[in-house]
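Text of my_file29.pdb (PDB, C-alpha atoms, pLDDT in the B column) as supplied:
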```pdb
ATOM      1  CA  MET A   1      -3.974  19.777  14.698  1.00 75.00           C
ATOM      2  CA  CYS A   2      -3.666  16.842  17.051  1.00 89.00           C
ATOM      3  CA  GLY A   3      -0.684  16.929  19.371  1.00 94.00           C
ATOM      4  CA  ARG A   4      -1.683  14.969  22.492  1.00 97.00           C
ATOM      5  CA  TYR A   5      -4.169  12.271  23.366  1.00 98.00           C
ATOM      6  CA  THR A   6      -4.959   9.457  25.794  1.00 98.00           C
ATOM      7  CA  LEU A   7      -5.523   5.713  25.731  1.00 98.00           C
ATOM      8  CA  LEU A   8      -6.565   4.368  29.117  1.00 98.00           C
ATOM      9  CA  LYS A   9      -8.548   1.246  28.241  1.00 97.00           C
ATOM     10  CA  ASP A  10      -7.249  -2.164  29.227  1.00 96.00           C
ATOM     11  CA  GLU A  11      -5.761  -4.502  26.657  1.00 97.00           C
ATOM     12  CA  LEU A  12      -8.653  -6.992  26.641  1.00 97.00           C
ATOM     13  CA  GLU A  13     -11.183  -4.246  25.945  1.00 97.00           C
ATOM     14  CA  ILE A  14      -9.129  -3.058  22.971  1.00 97.00           C
ATOM     15  CA  LEU A  15      -8.743  -6.563  21.551  1.00 97.00           C
ATOM     16  CA  GLU A  16     -12.489  -7.183  21.818  1.00 97.00           C
ATOM     17  CA  GLU A  17     -13.439  -3.781  20.404  1.00 97.00           C
ATOM     18  CA  PHE A  18     -11.372  -4.279  17.245  1.00 97.00           C
ATOM     19  CA  ASP A  19     -11.740  -8.061  16.914  1.00 96.00           C
ATOM     20  CA  ILE A  20      -8.026  -8.780  17.258  1.00 96.00           C
ATOM     21  CA  ASP A  21      -6.999 -12.260  18.372  1.00 91.00           C
ATOM     22  CA  GLU A  22      -3.353 -11.761  19.337  1.00 94.00           C
ATOM     23  CA  PRO A  23      -2.050  -9.952  22.461  1.00 95.00           C
ATOM     24  CA  ILE A  24      -0.554  -6.485  22.086  1.00 97.00           C
ATOM     25  CA  ASP A  25       3.178  -6.644  22.710  1.00 95.00           C
ATOM     26  CA  SER A  26       4.225  -4.378  25.621  1.00 94.00           C
ATOM     27  CA  TYR A  27       0.846  -2.624  25.864  1.00 97.00           C
ATOM     28  CA  GLN A  28       0.764   0.293  28.309  1.00 95.00           C
ATOM     29  CA  PRO A  29      -2.121   2.747  28.883  1.00 97.00           C
ATOM     30  CA  SER A  30      -1.165   6.426  28.801  1.00 98.00           C
ATOM     31  CA  TYR A  31      -2.685   9.676  30.058  1.00 98.00           C
ATOM     32  CA  ASN A  32      -0.485  11.883  27.889  1.00 98.00           C
ATOM     33  CA  ILE A  33       0.613  10.473  24.529  1.00 98.00           C
ATOM     34  CA  ALA A  34       2.910  12.903  22.701  1.00 98.00           C
ATOM     35  CA  PRO A  35       4.748  13.129  19.357  1.00 97.00           C
ATOM     36  CA  GLY A  36       7.907  11.046  19.219  1.00 97.00           C
ATOM     37  CA  GLN A  37       6.383   8.362  21.431  1.00 97.00           C
ATOM     38  CA  ASN A  38       5.198   4.930  20.343  1.00 97.00           C
ATOM     39  CA  VAL A  39       1.447   4.829  19.704  1.00 98.00           C
ATOM     40  CA  LEU A  40      -0.940   1.923  19.388  1.00 98.00           C
ATOM     41  CA  ALA A  41      -2.052   1.411  15.795  1.00 98.00           C
ATOM     42  CA  ILE A  42      -3.978  -1.196  13.815  1.00 98.00           C
ATOM     43  CA  ILE A  43      -3.210  -2.317  10.279  1.00 97.00           C
ATOM     44  CA  HIS A  44      -4.473  -5.145   8.067  1.00 95.00           C
ATOM     45  CA  ASP A  45      -1.720  -7.435   6.794  1.00 91.00           C
ATOM     46  CA  GLY A  46      -3.835  -9.017   4.039  1.00 89.00           C
ATOM     47  CA  LYS A  47      -5.041 -11.860   6.231  1.00 91.00           C
ATOM     48  CA  LYS A  48      -6.098 -10.249   9.486  1.00 93.00           C
ATOM     49  CA  LYS A  49      -5.931  -7.112  11.605  1.00 96.00           C
ATOM     50  CA  ARG A  50      -2.850  -6.597  13.738  1.00 96.00           C
ATOM     51  CA  ALA A  51      -2.300  -4.220  16.629  1.00 97.00           C
ATOM     52  CA  GLY A  52       1.142  -2.906  17.493  1.00 97.00           C
ATOM     53  CA  TYR A  53       3.222   0.186  18.038  1.00 98.00           C
ATOM     54  CA  LEU A  54       4.358   2.833  15.574  1.00 98.00           C
ATOM     55  CA  ARG A  55       6.395   5.913  16.415  1.00 98.00           C
ATOM     56  CA  TRP A  56       4.327   9.093  16.163  1.00 98.00           C
ATOM     57  CA  GLY A  57       5.897  11.340  13.529  1.00 97.00           C
ATOM     58  CA  LEU A  58       6.038  10.004   9.990  1.00 97.00           C
ATOM     59  CA  VAL A  59       9.488   9.223   8.595  1.00 97.00           C
ATOM     60  CA  PRO A  60       8.940   8.342   4.907  1.00 95.00           C
ATOM     61  CA  SER A  61      11.053   5.583   3.404  1.00 93.00           C
ATOM     62  CA  TRP A  62      12.806   8.141   1.181  1.00 92.00           C
ATOM     63  CA  ALA A  63      13.832  10.463   4.040  1.00 93.00           C
ATOM     64  CA  LYS A  64      17.538  11.002   4.620  1.00 92.00           C
ATOM     65  CA  ASP A  65      17.116  11.909   8.296  1.00 93.00           C
ATOM     66  CA  GLU A  66      14.643  10.476  10.796  1.00 94.00           C
ATOM     67  CA  LYS A  67      14.309  13.921  12.423  1.00 94.00           C
ATOM     68  CA  ILE A  68      11.799  14.793   9.694  1.00 94.00           C
ATOM     69  CA  GLY A  69       9.285  12.855  11.792  1.00 95.00           C
ATOM     70  CA  TYR A  70       8.987  15.714  14.282  1.00 93.00           C
ATOM     71  CA  LYS A  71       7.590  17.888  11.478  1.00 94.00           C
ATOM     72  CA  MET A  72       5.155  15.229  10.270  1.00 95.00           C
ATOM     73  CA  ILE A  73       2.993  14.360  13.266  1.00 97.00           C
ATOM     74  CA  ASN A  74      -0.102  15.502  11.344  1.00 97.00           C
ATOM     75  CA  ALA A  75      -1.150  15.480   7.676  1.00 96.00           C
ATOM     76  CA  ARG A  76      -3.862  17.754   6.313  1.00 96.00           C
ATOM     77  CA  SER A  77      -6.583  15.518   4.882  1.00 96.00           C
ATOM     78  CA  GLU A  78      -7.640  18.229   2.435  1.00 96.00           C
ATOM     79  CA  THR A  79      -4.326  18.025   0.562  1.00 95.00           C
ATOM     80  CA  ALA A  80      -2.641  14.738   1.591  1.00 94.00           C
ATOM     81  CA  HIS A  81      -3.794  13.024  -1.612  1.00 93.00           C
ATOM     82  CA  GLU A  82      -1.889  15.624  -3.656  1.00 93.00           C
ATOM     83  CA  LYS A  83       1.297  16.032  -1.615  1.00 90.00           C
ATOM     84  CA  PRO A  84       4.314  13.908  -2.606  1.00 85.00           C
ATOM     85  CA  SER A  85       5.036  13.391   1.107  1.00 83.00           C
ATOM     86  CA  PHE A  86       1.707  11.651   1.749  1.00 90.00           C
ATOM     87  CA  LYS A  87       0.176  10.653  -1.590  1.00 89.00           C
ATOM     88  CA  LYS A  88       1.547   7.069  -1.621  1.00 91.00           C
ATOM     89  CA  PHE A  89       0.422   6.454   1.939  1.00 94.00           C
ATOM     90  CA  MET A  90      -3.131   7.621   1.230  1.00 94.00           C
ATOM     91  CA  SER A  91      -3.145   4.997  -1.508  1.00 92.00           C
ATOM     92  CA  GLN A  92      -1.878   1.952   0.355  1.00 90.00           C
ATOM     93  CA  LYS A  93      -0.482   2.557   3.858  1.00 95.00           C
ATOM     94  CA  ARG A  94      -3.469   3.481   5.978  1.00 97.00           C
ATOM     95  CA  CYS A  95      -3.833   2.668   9.672  1.00 98.00           C
ATOM     96  CA  LEU A  96      -6.048   3.190  12.687  1.00 98.00           C
ATOM     97  CA  ILE A  97      -4.588   4.989  15.693  1.00 98.00           C
ATOM     98  CA  VAL A  98      -6.409   3.981  18.862  1.00 98.00           C
ATOM     99  CA  ALA A  99      -7.510   6.593  21.417  1.00 98.00           C
ATOM    100  CA  ASP A 100     -10.158   7.360  23.996  1.00 98.00           C
ATOM    101  CA  SER A 101      -9.764  11.151  24.166  1.00 98.00           C
ATOM    102  CA  PHE A 102      -7.521  13.930  22.894  1.00 98.00           C
ATOM    103  CA  TYR A 103      -6.325  17.272  24.206  1.00 98.00           C
ATOM    104  CA  GLU A 104      -6.547  20.681  22.613  1.00 98.00           C
ATOM    105  CA  TRP A 105      -5.645  24.123  23.912  1.00 97.00           C
ATOM    106  CA  LYS A 106      -8.112  27.009  23.683  1.00 96.00           C
ATOM    107  CA  LYS A 107      -6.871  30.585  23.831  1.00 93.00           C
ATOM    108  CA  VAL A 108      -8.653  32.437  26.641  1.00 89.00           C
ATOM    109  CA  ASP A 109      -7.607  36.005  27.502  1.00 87.00           C
ATOM    110  CA  GLY A 110      -4.143  35.441  26.105  1.00 88.00           C
ATOM    111  CA  GLU A 111      -3.678  32.164  27.959  1.00 92.00           C
ATOM    112  CA  LYS A 112      -3.994  28.617  26.634  1.00 95.00           C
ATOM    113  CA  GLN A 113      -6.557  26.479  28.460  1.00 97.00           C
ATOM    114  CA  PRO A 114      -6.105  22.728  27.911  1.00 97.00           C
ATOM    115  CA  LYS A 115      -9.264  20.715  27.309  1.00 98.00           C
ATOM    116  CA  ARG A 116      -9.885  16.982  27.214  1.00 98.00           C
ATOM    117  CA  ILE A 117     -12.169  16.048  24.304  1.00 98.00           C
ATOM    118  CA  GLN A 118     -14.119  12.796  24.004  1.00 98.00           C
ATOM    119  CA  VAL A 119     -16.564  11.219  21.560  1.00 97.00           C
ATOM    120  CA  LYS A 120     -19.906  11.434  23.329  1.00 95.00           C
ATOM    121  CA  ASP A 121     -21.267   7.927  22.700  1.00 90.00           C
ATOM    122  CA  ARG A 122     -18.021   5.924  22.327  1.00 94.00           C
ATOM    123  CA  ASN A 123     -15.479   5.211  25.043  1.00 94.00           C
ATOM    124  CA  ILE A 124     -12.853   4.160  22.512  1.00 97.00           C
ATOM    125  CA  PHE A 125     -12.318   5.324  18.917  1.00 98.00           C
ATOM    126  CA  THR A 126      -9.687   5.712  16.206  1.00 98.00           C
ATOM    127  CA  PHE A 127      -7.966   8.478  14.295  1.00 98.00           C
ATOM    128  CA  ALA A 128      -7.333   7.972  10.581  1.00 98.00           C
ATOM    129  CA  GLY A 129      -3.599   7.506  10.180  1.00 98.00           C
ATOM    130  CA  LEU A 130      -0.888   6.868   7.587  1.00 97.00           C
ATOM    131  CA  TRP A 131       2.277   4.833   8.183  1.00 97.00           C
ATOM    132  CA  ASP A 132       5.569   3.800   6.603  1.00 97.00           C
ATOM    133  CA  LYS A 133       8.740   1.788   7.176  1.00 96.00           C
ATOM    134  CA  TRP A 134      12.134   3.574   7.138  1.00 97.00           C
ATOM    135  CA  VAL A 135      15.467   1.766   6.897  1.00 96.00           C
ATOM    136  CA  GLN A 136      18.926   3.297   7.104  1.00 92.00           C
ATOM    137  CA  ASP A 137      22.029   1.225   7.738  1.00 89.00           C
ATOM    138  CA  ASP A 138      20.996  -1.140  10.549  1.00 89.00           C
ATOM    139  CA  LYS A 139      18.173   1.041  11.868  1.00 94.00           C
ATOM    140  CA  VAL A 140      14.510   0.286  11.083  1.00 96.00           C
ATOM    141  CA  LEU A 141      11.603   2.539  12.095  1.00 97.00           C
ATOM    142  CA  PHE A 142       7.871   2.077  11.706  1.00 98.00           C
ATOM    143  CA  THR A 143       6.210   5.478  12.009  1.00 98.00           C
ATOM    144  CA  CYS A 144       2.857   7.203  11.510  1.00 98.00           C
ATOM    145  CA  THR A 145       0.992  10.474  11.215  1.00 98.00           C
ATOM    146  CA  ILE A 146      -2.561  11.506  12.127  1.00 98.00           C
ATOM    147  CA  LEU A 147      -4.821  13.020   9.483  1.00 97.00           C
ATOM    148  CA  THR A 148      -6.512  16.286  10.437  1.00 97.00           C
ATOM    149  CA  LYS A 149      -9.334  18.362   9.019  1.00 96.00           C
ATOM    150  CA  GLU A 150     -11.120  21.684   9.475  1.00 95.00           C
ATOM    151  CA  ALA A 151     -12.801  21.857  12.861  1.00 95.00           C
ATOM    152  CA  ASN A 152     -16.499  21.051  13.081  1.00 94.00           C
ATOM    153  CA  THR A 153     -18.949  23.418  14.789  1.00 94.00           C
ATOM    154  CA  PHE A 154     -18.146  22.087  18.250  1.00 95.00           C
ATOM    155  CA  MET A 155     -14.355  22.143  17.870  1.00 96.00           C
ATOM    156  CA  ARG A 156     -14.283  25.529  16.150  1.00 95.00           C
ATOM    157  CA  ASN A 157     -14.859  27.143  19.540  1.00 94.00           C
ATOM    158  CA  ILE A 158     -11.641  25.510  20.763  1.00 96.00           C
ATOM    159  CA  HIS A 159      -9.305  25.247  17.745  1.00 95.00           C
ATOM    160  CA  HIS A 160      -9.545  25.597  13.969  1.00 95.00           C
ATOM    161  CA  ARG A 161      -8.245  22.059  13.278  1.00 96.00           C
ATOM    162  CA  MET A 162      -9.105  18.609  14.612  1.00 96.00           C
ATOM    163  CA  PRO A 163      -8.084  14.977  14.052  1.00 97.00           C
ATOM    164  CA  VAL A 164     -10.079  12.841  11.625  1.00 97.00           C
ATOM    165  CA  ILE A 165     -12.113  10.479  13.819  1.00 97.00           C
ATOM    166  CA  LEU A 166     -13.394   7.449  11.951  1.00 97.00           C
ATOM    167  CA  PRO A 167     -16.958   6.211  12.564  1.00 96.00           C
ATOM    168  CA  LYS A 168     -16.984   2.651  13.865  1.00 96.00           C
ATOM    169  CA  GLU A 169     -18.488   1.297  10.647  1.00 95.00           C
ATOM    170  CA  LYS A 170     -15.736   2.910   8.543  1.00 96.00           C
ATOM    171  CA  GLU A 171     -12.685   1.646  10.441  1.00 97.00           C
ATOM    172  CA  ASN A 172     -12.240  -1.680   8.671  1.00 96.00           C
ATOM    173  CA  GLU A 173     -12.795  -0.099   5.270  1.00 95.00           C
ATOM    174  CA  TRP A 174     -10.032   2.442   5.913  1.00 96.00           C
ATOM    175  CA  ILE A 175      -7.401  -0.246   6.548  1.00 97.00           C
ATOM    176  CA  LEU A 176      -8.467  -2.879   4.029  1.00 92.00           C
ATOM    177  CA  PRO A 177      -5.332  -4.012   2.128  1.00 88.00           C
ATOM    178  CA  ILE A 178      -6.526  -2.669  -1.202  1.00 87.00           C
ATOM    179  CA  LYS A 179      -4.875   0.060  -3.195  1.00 86.00           C
ATOM    180  CA  PHE A 180      -6.973   3.207  -3.321  1.00 87.00           C
ATOM    181  CA  HIS A 181      -6.377   5.933  -5.818  1.00 89.00           C
ATOM    182  CA  PRO A 182      -5.264   8.838  -3.586  1.00 88.00           C
ATOM    183  CA  GLU A 183      -8.352  10.781  -4.665  1.00 92.00           C
ATOM    184  CA  GLN A 184     -10.535   7.879  -3.479  1.00 92.00           C
ATOM    185  CA  ALA A 185      -8.943   8.033  -0.033  1.00 92.00           C
ATOM    186  CA  HIS A 186      -9.521  11.782   0.006  1.00 93.00           C
ATOM    187  CA  GLU A 187     -13.193  11.328  -0.888  1.00 94.00           C
ATOM    188  CA  PHE A 188     -13.548   8.591   1.732  1.00 94.00           C
ATOM    189  CA  ILE A 189     -12.274  10.858   4.503  1.00 94.00           C
ATOM    190  CA  HIS A 190     -14.472  13.765   3.494  1.00 92.00           C
ATOM    191  CA  SER A 191     -17.610  11.657   3.177  1.00 93.00           C
ATOM    192  CA  ILE A 192     -17.652  10.558   6.810  1.00 91.00           C
ATOM    193  CA  GLU A 193     -20.171  12.095   9.178  1.00 86.00           C
ATOM    194  CA  MET A 194     -18.961  13.907  12.254  1.00 85.00           C
ATOM    195  CA  GLU A 195     -19.741  12.429  15.649  1.00 88.00           C
ATOM    196  CA  GLU A 196     -20.842  14.440  18.658  1.00 95.00           C
ATOM    197  CA  LEU A 197     -18.008  15.471  20.958  1.00 97.00           C
ATOM    198  CA  THR A 198     -17.813  16.631  24.573  1.00 98.00           C
ATOM    199  CA  ALA A 199     -15.055  18.543  26.358  1.00 98.00           C
ATOM    200  CA  TYR A 200     -14.001  19.724  29.790  1.00 98.00           C
ATOM    201  CA  ASN A 201     -11.149  21.818  31.169  1.00 98.00           C
ATOM    202  CA  VAL A 202      -8.058  20.166  32.648  1.00 98.00           C
ATOM    203  CA  GLY A 203      -5.075  21.715  34.369  1.00 97.00           C
ATOM    204  CA  SER A 204      -1.809  22.946  32.895  1.00 96.00           C
ATOM    205  CA  TYR A 205      -0.186  19.822  34.375  1.00 98.00           C
ATOM    206  CA  VAL A 206      -0.895  18.103  31.051  1.00 98.00           C
ATOM    207  CA  ASN A 207       1.204  20.664  29.171  1.00 97.00           C
ATOM    208  CA  ALA A 208       4.405  18.802  30.043  1.00 97.00           C
ATOM    209  CA  ALA A 209       4.643  15.544  28.100  1.00 96.00           C
ATOM    210  CA  ILE A 210       6.677  14.026  30.926  1.00 97.00           C
ATOM    211  CA  ASN A 211       3.571  14.130  33.142  1.00 98.00           C
ATOM    212  CA  ASN A 212       1.619  10.928  32.639  1.00 98.00           C
ATOM    213  CA  ASP A 213      -0.830  10.106  35.422  1.00 98.00           C
ATOM    214  CA  GLU A 214      -4.416  10.701  36.485  1.00 98.00           C
ATOM    215  CA  MET A 215      -3.808  14.394  37.186  1.00 98.00           C
ATOM    216  CA  CYS A 216      -3.689  14.935  33.391  1.00 98.00           C
ATOM    217  CA  ILE A 217      -7.416  14.247  33.064  1.00 98.00           C
ATOM    218  CA  GLN A 218      -8.555  15.753  36.386  1.00 98.00           C
ATOM    219  CA  PRO A 219     -11.381  18.267  35.664  1.00 98.00           C
ATOM    220  CA  ILE A 220     -10.961  21.850  36.820  1.00 94.00           C
ATOM    221  CA  THR A 221     -13.490  24.667  37.010  1.00 80.00           C
TER
END
```
Can you dump the structure from the file as structure tokens?
Amino acid sequence: MCGRYTLLKDELEILEEFDIDEPIDSYQPSYNIAPGQNVLAIIHDGKKKRAGYLRWGLVPSWAKDEKIGYKMINARSETAHEKPSFKKFMSQKRCLIVADSFYEWKKVDGEKQPKRIQVKDRNIFTFAGLWDKWVQDDKVLFTCTILTKEANTFMRNIHHRMPVILPKEKENEWILPIKFHPEQAHEFIHSIEMEELTAYNVGSYVNAAINNDEMCIQPIT
């Protein structure tokens, strides 16, 4: 799964990296992004790419209660194209979720050791995401979920699942405003090549989502 990550780059670097020409409203870096928080995402509106915030935890338009979002922070890429909850979004509501590392917890002697994981040759990258708009009475939410997949060889030593990280050359294709057949989106995700990852241990300070400063990424032995 993917339950925490970071985005520490400055706004200008993000705009240049993704060729976006408008400022990001209320942009704030974060050492400890958690479900339920607003996360920086990129969509294509049919004319250009736009960067803005979505709440992490998908609340589909048909949901009766927004609390469903806490159960939908991740979607399994192996089955998302078949599931009624995600099928429509695989077809036409795809987004990029911007990150520069993510956390995972490895079980060691009955304890959970948090690790910070980065893409070896990229200092900023994106997760494949799905999004939707939910309206009830006067309340409007824009929310998202992160696609996950079976862990690669590197991640398998840490956890059995991992987020889908899009290669740089595949990012624009993922969010193009064209309607995929859900099976096409599934094939797209599972055709991408895995990039090399690195990881190091961090302290249990990161376990609490309220903690959001440099101590979250401080290496420990």
Output of the PyMOL selection byres ((chain A and resi 102) around 6), listed as a list in words:
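Going through the file, the PyMOL selection byres ((chain A and resi 102) around 6) ends up selecting Arg4, Tyr5, Thr6, Ser101, Tyr103, Arg116 and Ile117 of chain A.
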Tell me which residues the PyMOL selection byres ((chain A and resi 14) around 10) grabs here, as a list in words.
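So the PyMOL selection byres ((chain A and resi 14) around 10) ends up selecting Leu7, Leu8, Lys9, Asp10, Glu11, Leu12, Glu13, Leu15, Glu16, Glu17, Phe18, Asp19, Ile20, Pro23, Ile24, Ala51, Val98, Ala99, Ile124 and Phe125 of chain A.
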Evaluating the PyMOL selection byres ((chain A and resi 61) around 7) on the displayed file yields which residues, as a compact mmCIF listing (two decimals) with C-alpha atoms, in the frame of the given file?
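Below is the file selection20.txt, written as the result:
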```txt
# COMPACT_ATOMS: atom_id res chain seq x y z
CA VAL A 59 9.49 9.22 8.60
CA PRO A 60 8.94 8.34 4.91
CA TRP A 62 12.81 8.14 1.18
CA ALA A 63 13.83 10.46 4.04
CA ASP A 132 5.57 3.80 6.60
CA LYS A 133 8.74 1.79 7.18
CA TRP A 134 12.13 3.57 7.14
CA VAL A 135 15.47 1.77 6.90
```
Quick one: residues within 9 Å of Ile73 of chain A, all atoms listed in the file, excluding same-chain residues fewer than 4 positions away - as a list in words?
Met1, Cys2, Gly3, Pro35, Gly36, Trp56, Gly57, Leu58, Gly69, Cys144, Thr145, Ile146 and Leu147 of chain A
How far is it from atom CA of Ala199 of chain A to atom CA of Asn38 of chain A, in Å with one decimal?
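Separation of atom CA of Ala199 of chain A and atom CA of Asn38 of chain A: 25.1 Å.
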The residues within 12 Å of (-21.4, 12.9, 22.5), using all atoms listed in the file and the coordinates of the file, should be reported as a compact mmCIF listing (two decimals) with C-alpha atoms, in the frame of the given file; which are they?
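Everything below was put into out04.txt:
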```
# COMPACT_ATOMS: atom_id res chain seq x y z
CA SER A 101 -9.76 11.15 24.17
CA ILE A 117 -12.17 16.05 24.30
CA GLN A 118 -14.12 12.80 24.00
CA VAL A 119 -16.56 11.22 21.56
CA LYS A 120 -19.91 11.43 23.33
CA ASP A 121 -21.27 7.93 22.70
CA ARG A 122 -18.02 5.92 22.33
CA ASN A 123 -15.48 5.21 25.04
CA PHE A 154 -18.15 22.09 18.25
CA MET A 194 -18.96 13.91 12.25
CA GLU A 195 -19.74 12.43 15.65
CA GLU A 196 -20.84 14.44 18.66
CA LEU A 197 -18.01 15.47 20.96
CA THR A 198 -17.81 16.63 24.57
CA ALA A 199 -15.06 18.54 26.36
```
Determine the nearest neighbour of Gly129 of chain A from the options A:Leu141, A:Arg55, A:Lys71, A:Glu66, counting all atoms listed in the file.
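Using all atoms listed in the file, the shortest distance to Gly129 of chain A belongs to A:Arg55.
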Of the candidates A:Asp65, A:Glu171, A:Asp213, A:Glu150, which shows the shortest atom-to-atom distance to Cys95 of chain A, using all atoms listed in the file?
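Of all the options, A:Glu171 lies closest to Cys95 of chain A.
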Would you list the residues near (-16.2, 19.7, 13.3) (no more than 12 Å away, in the coordinates of the file, using only C-alpha atoms) as a list of chain:residue names?
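Those residues lying close to the given coordinates are A:Val119, A:Thr148, A:Lys149, A:Glu150, A:Ala151, A:Asn152, A:Thr153, A:Phe154, A:Met155, A:Arg156, A:Asn157, A:Ile158, A:His159, A:His160, A:Arg161, A:Met162, A:Pro163, A:Val164, A:Ile165, A:His190, A:Ile192, A:Glu193, A:Met194, A:Glu195, A:Glu196, A:Leu197, A:Thr198.
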For segment 123-131 of chain A, what centre and edge lengths in Å (one decimal) does the axis-aligned box get once 6 Å is added on each side of all its listed atoms, as lines of an AutoDock Vina configuration file?
```
center_x = -6.6
center_y = 6.3
center_z = 16.3
size_x = 29.8
size_y = 16.3
size_z = 29.5
```
